[in-house]
Structure formats: C-alpha cells, structure tokens
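Structure record follows, encoded as structure tokens.
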Amino acid sequence: MNRIIPRITTLLLLTFFYAAAVNAQVADSTIVRLMKDKHIPTLGLAFVNKGKVAFSKVYGELNTGVSAPANTLFNVASITKTVTTMVTLCLVNSGEWDLDEPIYHYWTDPDVAADPRSKKLTTKNILTHQSGFPNWRWMKPSKKLAFEFEPGLKFQYSGEGMEYLRHALESKFHRSLEQLADSLIFEPLHMNDTHFIWNDRMLDHFAVAHNSKGEPLEIIKNSSPSAADQLKTTVADYDKFLIWIINGAGLSKALYRQMTSPLSRIKENKFIGLGWAVYPDLRREFGLSHSGIDPGVNTIVFVLPKSGRALLIFTNSDNGPQIYTDLVKIFLKEQGNAIIATEMRN
C-alpha cells in the first residue's frame, strides 16, 4: 500500500509551510525545481490543520507551457478505495448493509461459485483486505479469480475484493457505485468534480500520467466505475472528503472506532482497519493512510483525526514517491517522522 521511499537530497526552504516569515514565492520555486529534477509534471498538495484547509495548491503544467489549474483532475488510483469504503460504511451506519453478512446473499463471482469459501466471505473480510483473493486475477496464469486462503485468515491487499464488494452493493441497491457515491458523499459534500467514470470534458484539465522519463502515457477512459481504481478528483474536492473523515464522516462512534482500529497486521506499527491503513502509535496520536499506484500515477493521503490534520499528495508520475518523504516530515512533523520510520521497516 503506502510507499515512503528514502528521503531525497533536500529539505531546503520547504519549511516555509510552518514559518510564515519565509517568502512563499521562493518556497514555491523550490517545489517547482524539485518537480523538474524528478520529472514530475503536476503536483497536487494540500494540508488540513485543526479540521480546516491550511494550504491547497496545484503545481506544474498539464502540457508544455500550459499551467495546471486549481481544478486539475487527478486519477488517484487506489485512493479510489477510500471512497468505496466510505460508501459502504455509510450504508452500514444507516442499517442498510451488514459488515458480517455473507456477501453471497447478493453476489457470487462465477469463478469462485463452486468454492465453499465464497459462502464465508463478508464485507469486513474485504475492507480489512482479508478476502483471500489476489490483488488482480489478471496477474495469475489462469486469469481467473480464486481464493488463495480462507477469508479472514490474514492480510493480503486485494483490488479484486473491492470489486467483489461493488458487485454486491450494486446488486442489492440496483444503483451503480457512482450513483451511490453521488447520493451519499459527493452531493452532500459538494464534491462536484469527483467522478468514477471518464468523460471527455475532463480532457482540458486532466493530469495525464507520465512515466519515469517524463513521457506521457495513454489516458484510460473507463466507461464503468471501479471500486478500486481510476477515481478522478481534484485537490479541493478531496480536501472536503478528508475534513469529513476527520469530523467522523457521520458514522456512529462505535463504527468510526472500528474503522480506525488496527484489525489486521500489515507490519510493525502498521495495520489495516476498515478500508484504511492504521498507524496506531504515532507518538500520542494515531493515523490513517491510503496510497495509490498506477502506471504513471502516485498518490498518497494521511489523516490524523485527533489533531485534525491531513496531508494530500497527488502526482501524475512514476517518480511521485521521490518527494513524499520530505513533505510528510514537514507537514506532519513528529508524527510524520514516526510514519517514515514505520515505512522504512521491512
């Protein structure tokens, strides 16, 4: 999931974010230079402090000579799963969905219909990434979905699990994931520029993915929603989502506590809760996170609910993680250092 690479060569003037006396134009130029050095065409960066947006900006260009506007759309890759998670938890909160009910009551993938383990799979298994599925079936020689272990046995990250959940939700509610998200999240939060499905109207403000050499990649114009990938959103829209999460997302205290609890171990001091990675011990605080990785796309977000802080980093480049470490340390300070230390462990 989250990939924090070893620190890059400079912090330089980036500490301006906590030192108002430093010239912001100079600091901006430093970020632009770092982006140029690492061949990152576009960067979306936002920081929430005490539950309010303290900083939010898009850097770079969409095309040569064309500055990226504030409403630049990013493919956020696997951060898509955070929205699918919250759609599901909203339905659980309202009593319309059950975390522990077997999924087969609403959907069974034909590939696993004959496997008795399909009768045991629950939403909780999926959101804690304990479904027993691989990440993607197409990565397997057979190209078919199959259980690799008993659901609930251990952590194994799976996009297939989230897609399985999407089919079940759409089957029960007779609405697409996009329609469910619109009614439960996007419309109430006024996330007007967030979509699961591609539309050609996005072309003039979309951050096209780039490889490590800075070369643009083909746009994936998906015509159906994925629960695991390809959400298009802006920095401003996802800021609203992060503040909503900080404020409890309208969930009961018990359900929010379950979402943010360390339910399955990923590594030392890093677990999975319901749909979010959980750092249970960040020096007097706990943290949530999720990252996204697609060809030419790297994105990551962190939430520290106790202090009302959140950090968003969207990039349209294979090189995106090369600027994560400094930004995490600068914005999240002591807790950022603890996150980096956790991620550096095997």
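Chain labels A, B, ... are given in the sequence in which chains occur in the structure tokens; within each chain residues are numbered consecutively from 1, and ligands are likewise numbered from 1 in the order shown.
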
Any chance you could list, as JSON, numbers by chain, the residues in segment 82-291 of chain A that come up alpha helix (DSSP H) when DSSP is run on the backbone?
{"A": [82, 83, 84, 85, 86, 87, 88, 89, 90, 91, 92, 93, 123, 124, 125, 126, 127, 159, 160, 161, 162, 163, 164, 165, 166, 167, 168, 169, 170, 171, 172, 173, 177, 178, 179, 180, 181, 235, 236, 237, 238, 239, 240, 241, 242, 243, 244, 245, 246, 253, 254, 255, 256, 257, 258, 259]}

Measuring atom to atom with only C-alpha atoms, identify which of A:Asn319, A:Thr88, A:Ser183, A:Ser131 is nearest to Leu255 of chain A.
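Looking only at the distances to Leu255 of chain A, the closest residue turns out to be A:Thr88.
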
Run DSSP on the backbone and give me the residues of segment 114-298 of chain A it puts in strand (DSSP E or B), as a VMD selection string.
chain A and resid 122 195 206 210 216 232 to 233 264 to 267 270 to 272 277 to 279 287 to 294 297 to 298

Near Glu150 of chain A, within 9 Å and counting only C-alpha atoms, which residues show up once chain neighbours fewer than 5 positions away are dropped, as a ChimeraX atom specification?
/A:117,120-121,130-132

Would you write out those residues with N, CA, C and O atoms, as a PDB file, in the first residue's frame?
```pdb
ATOM      1  N   ARG A 117     -15.688 -21.529   0.177  1.00  0.00           N
ATOM      2  CA  ARG A 117     -15.227 -20.331   0.867  1.00  0.00           C
ATOM      3  C   ARG A 117     -15.992 -19.091   0.430  1.00  0.00           C
ATOM      4  O   ARG A 117     -16.026 -18.085   1.153  1.00  0.00           O
ATOM      5  N   LYS A 120     -18.478 -17.880   2.897  1.00  0.00           N
ATOM      6  CA  LYS A 120     -17.970 -17.331   4.147  1.00  0.00           C
ATOM      7  C   LYS A 120     -17.523 -15.877   4.028  1.00  0.00           C
ATOM      8  O   LYS A 120     -17.360 -15.192   5.035  1.00  0.00           O
ATOM      9  N   LEU A 121     -17.310 -15.412   2.813  1.00  0.00           N
ATOM     10  CA  LEU A 121     -16.754 -14.085   2.581  1.00  0.00           C
ATOM     11  C   LEU A 121     -17.712 -12.993   3.033  1.00  0.00           C
ATOM     12  O   LEU A 121     -18.890 -12.984   2.667  1.00  0.00           O
ATOM     13  N   GLN A 130      -8.669  -9.060   3.915  1.00  0.00           N
ATOM     14  CA  GLN A 130      -8.501 -10.450   4.326  1.00  0.00           C
ATOM     15  C   GLN A 130      -9.450 -11.359   3.542  1.00  0.00           C
ATOM     16  O   GLN A 130      -9.919 -12.372   4.048  1.00  0.00           O
ATOM     17  N   SER A 131      -9.738 -10.954   2.301  1.00  0.00           N
ATOM     18  CA  SER A 131     -10.684 -11.718   1.482  1.00  0.00           C
ATOM     19  C   SER A 131     -10.146 -13.077   1.066  1.00  0.00           C
ATOM     20  O   SER A 131     -10.917 -13.995   0.787  1.00  0.00           O
ATOM     21  N   GLY A 132      -8.823 -13.193   0.979  1.00  0.00           N
ATOM     22  CA  GLY A 132      -8.220 -14.409   0.442  1.00  0.00           C
ATOM     23  C   GLY A 132      -7.950 -14.322  -1.039  1.00  0.00           C
ATOM     24  O   GLY A 132      -7.395 -15.256  -1.631  1.00  0.00           O
TER      25      GLY A 132
END
```

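Of the listed residues (A:Leu217, A:Val87, A:Leu312, A:Ala207), A:Val87 comes nearest to Asp182 of chain A; the distances count only C-alpha atoms.
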
Skip Lys306 of chain A itself and residues of its chain fewer than 2 positions away, then list as a PDB file with N, CA and C atoms, in the first residue's frame all residues within 12 Å of it, counting only C-alpha atoms.
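Now in selection08.pdb:
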```pdb
ATOM      1  N   ASN A  49      -5.332  21.505   8.787  1.00  0.00           N
ATOM      2  CA  ASN A  49      -4.867  21.671  10.166  1.00  0.00           C
ATOM      3  C   ASN A  49      -6.046  22.104  11.040  1.00  0.00           C
ATOM      4  N   LYS A  50      -6.233  21.412  12.140  1.00  0.00           N
ATOM      5  CA  LYS A  50      -7.349  21.677  13.057  1.00  0.00           C
ATOM      6  C   LYS A  50      -8.684  21.642  12.324  1.00  0.00           C
ATOM      7  N   GLY A  51      -8.783  20.710  11.376  1.00  0.00           N
ATOM      8  CA  GLY A  51     -10.036  20.499  10.665  1.00  0.00           C
ATOM      9  C   GLY A  51     -10.360  21.491   9.577  1.00  0.00           C
ATOM     10  N   ILE A 245     -13.826  13.050   6.980  1.00  0.00           N
ATOM     11  CA  ILE A 245     -13.272  11.907   7.710  1.00  0.00           C
ATOM     12  C   ILE A 245     -12.798  12.346   9.100  1.00  0.00           C
ATOM     13  N   ILE A 246     -12.084  13.467   9.160  1.00  0.00           N
ATOM     14  CA  ILE A 246     -11.610  13.982  10.456  1.00  0.00           C
ATOM     15  C   ILE A 246     -12.779  14.201  11.409  1.00  0.00           C
ATOM     16  N   ASN A 247     -13.886  14.675  10.870  1.00  0.00           N
ATOM     17  CA  ASN A 247     -15.048  15.011  11.699  1.00  0.00           C
ATOM     18  C   ASN A 247     -15.970  13.827  11.970  1.00  0.00           C
ATOM     19  N   GLY A 248     -15.534  12.627  11.588  1.00  0.00           N
ATOM     20  CA  GLY A 248     -16.307  11.436  11.935  1.00  0.00           C
ATOM     21  C   GLY A 248     -17.136  10.841  10.825  1.00  0.00           C
ATOM     22  N   THR A 260     -11.184   2.803  12.412  1.00  0.00           N
ATOM     23  CA  THR A 260      -9.846   3.319  12.709  1.00  0.00           C
ATOM     24  C   THR A 260      -9.040   2.414  13.644  1.00  0.00           C
ATOM     25  N   PRO A 280      -1.314   2.840  14.668  1.00  0.00           N
ATOM     26  CA  PRO A 280      -1.927   3.014  15.992  1.00  0.00           C
ATOM     27  C   PRO A 280      -1.093   3.806  16.983  1.00  0.00           C
ATOM     28  N   LEU A 282       1.540   6.816  16.888  1.00  0.00           N
ATOM     29  CA  LEU A 282       2.334   7.882  16.267  1.00  0.00           C
ATOM     30  C   LEU A 282       2.676   8.950  17.296  1.00  0.00           C
ATOM     31  N   ARG A 283       3.185   8.506  18.425  1.00  0.00           N
ATOM     32  CA  ARG A 283       3.612   9.456  19.451  1.00  0.00           C
ATOM     33  C   ARG A 283       2.444  10.334  19.898  1.00  0.00           C
ATOM     34  N   ARG A 284       1.589   9.740  20.680  1.00  0.00           N
ATOM     35  CA  ARG A 284       0.404  10.381  21.256  1.00  0.00           C
ATOM     36  C   ARG A 284      -0.719  10.578  20.255  1.00  0.00           C
ATOM     37  N   GLU A 285      -0.639   9.933  19.136  1.00  0.00           N
ATOM     38  CA  GLU A 285      -1.686  10.069  18.134  1.00  0.00           C
ATOM     39  C   GLU A 285      -1.748   8.817  17.270  1.00  0.00           C
ATOM     40  N   PHE A 286      -2.901   8.597  16.613  1.00  0.00           N
ATOM     41  CA  PHE A 286      -2.967   7.525  15.628  1.00  0.00           C
ATOM     42  C   PHE A 286      -3.196   8.163  14.259  1.00  0.00           C
ATOM     43  N   GLY A 287      -2.879   7.419  13.224  1.00  0.00           N
ATOM     44  CA  GLY A 287      -3.026   7.956  11.876  1.00  0.00           C
ATOM     45  C   GLY A 287      -3.682   6.968  10.940  1.00  0.00           C
ATOM     46  N   LEU A 288      -4.311   7.509   9.905  1.00  0.00           N
ATOM     47  CA  LEU A 288      -4.879   6.721   8.817  1.00  0.00           C
ATOM     48  C   LEU A 288      -4.153   7.088   7.533  1.00  0.00           C
ATOM     49  N   VAL A 303      -4.287  10.971   7.408  1.00  0.00           N
ATOM     50  CA  VAL A 303      -5.255  11.644   8.277  1.00  0.00           C
ATOM     51  C   VAL A 303      -4.859  11.395   9.726  1.00  0.00           C
ATOM     52  N   LEU A 304      -4.777  12.471  10.504  1.00  0.00           N
ATOM     53  CA  LEU A 304      -4.525  12.384  11.941  1.00  0.00           C
ATOM     54  C   LEU A 304      -5.744  12.979  12.651  1.00  0.00           C
ATOM     55  N   GLY A 308      -6.777  16.824  14.039  1.00  0.00           N
ATOM     56  CA  GLY A 308      -7.472  17.443  12.915  1.00  0.00           C
ATOM     57  C   GLY A 308      -6.580  17.770  11.746  1.00  0.00           C
ATOM     58  N   ARG A 309      -5.540  16.971  11.529  1.00  0.00           N
ATOM     59  CA  ARG A 309      -4.613  17.223  10.432  1.00  0.00           C
ATOM     60  C   ARG A 309      -4.761  16.176   9.329  1.00  0.00           C
ATOM     61  N   ALA A 310      -4.449  16.588   8.121  1.00  0.00           N
ATOM     62  CA  ALA A 310      -4.430  15.669   6.981  1.00  0.00           C
ATOM     63  C   ALA A 310      -3.478  16.211   5.935  1.00  0.00           C
ATOM     64  N   GLN A 335       4.793  13.220  14.038  1.00  0.00           N
ATOM     65  CA  GLN A 335       4.062  12.051  13.566  1.00  0.00           C
ATOM     66  C   GLN A 335       4.542  11.631  12.171  1.00  0.00           C
TER      67      GLN A 335
END
```

Work out how far apart atom CA of Asp98 of chain A and atom CA of Glu170 of chain A are and give it in Å to one decimal.
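Separation between atom CA of Asp98 of chain A and atom CA of Glu170 of chain A: 14.7 Å.
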
Quick one: residues within 10 Å of Ser261 of chain A, only C-alpha atoms, excluding same-chain residues fewer than 2 positions away - as a list in words?
Leu255, Tyr256, Arg257, Gln258, Met259, Leu263, Ser264, Phe271, Ile272, Gly273, Leu274, Trp276, Ala277, Val278, Tyr279, Pro280, Phe286 and Leu288 of chain A

Who sits within 8 Å of Asp318 of chain A, only C-alpha atoms, same chain under 3 positions skipped, as a PyMOL selection string
chain A and resi 210-212+295-298+321

Let me make sure I understand: among A:Thr30, A:Ser94, A:Asn71, A:Thr82, which one has the smallest atom-to-atom distance to Ala228 of chain A if we use only C-alpha atoms?
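Checking each of A:Thr30, A:Ser94, A:Asn71, A:Thr82 against Ala228 of chain A, counting only C-alpha atoms, the winner is A:Thr82.
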
Surrounding residues of Asp294 of chain A excluding itself and chain neighbours under 3 positions, 9 Å, only C-alpha atoms, as a ChimeraX atom specification:
/A:75-78,209,229-230,297-298,318

Can you tell me how far atom CA of Val48 of chain A sits from atom CA of Leu73 of chain A, in Å to one decimal?
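Going from atom CA of Val48 of chain A over to atom CA of Leu73 of chain A, I get 19.5 Å.
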
Restricting the calculation to only C-alpha atoms: of A:Trp244, A:Tyr157, A:Tyr238, A:Trp136, which residue gets closest to Phe314 of chain A?
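Nearest candidate to Phe314 of chain A out of A:Trp244, A:Tyr157, A:Tyr238, A:Trp136: A:Tyr238.
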
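Of the residues listed (A:Leu153, A:Ser252, A:Gly65, A:Pro225), A:Pro225 shows the shortest atom-to-atom separation from Arg175 of chain A; distances use only C-alpha atoms.
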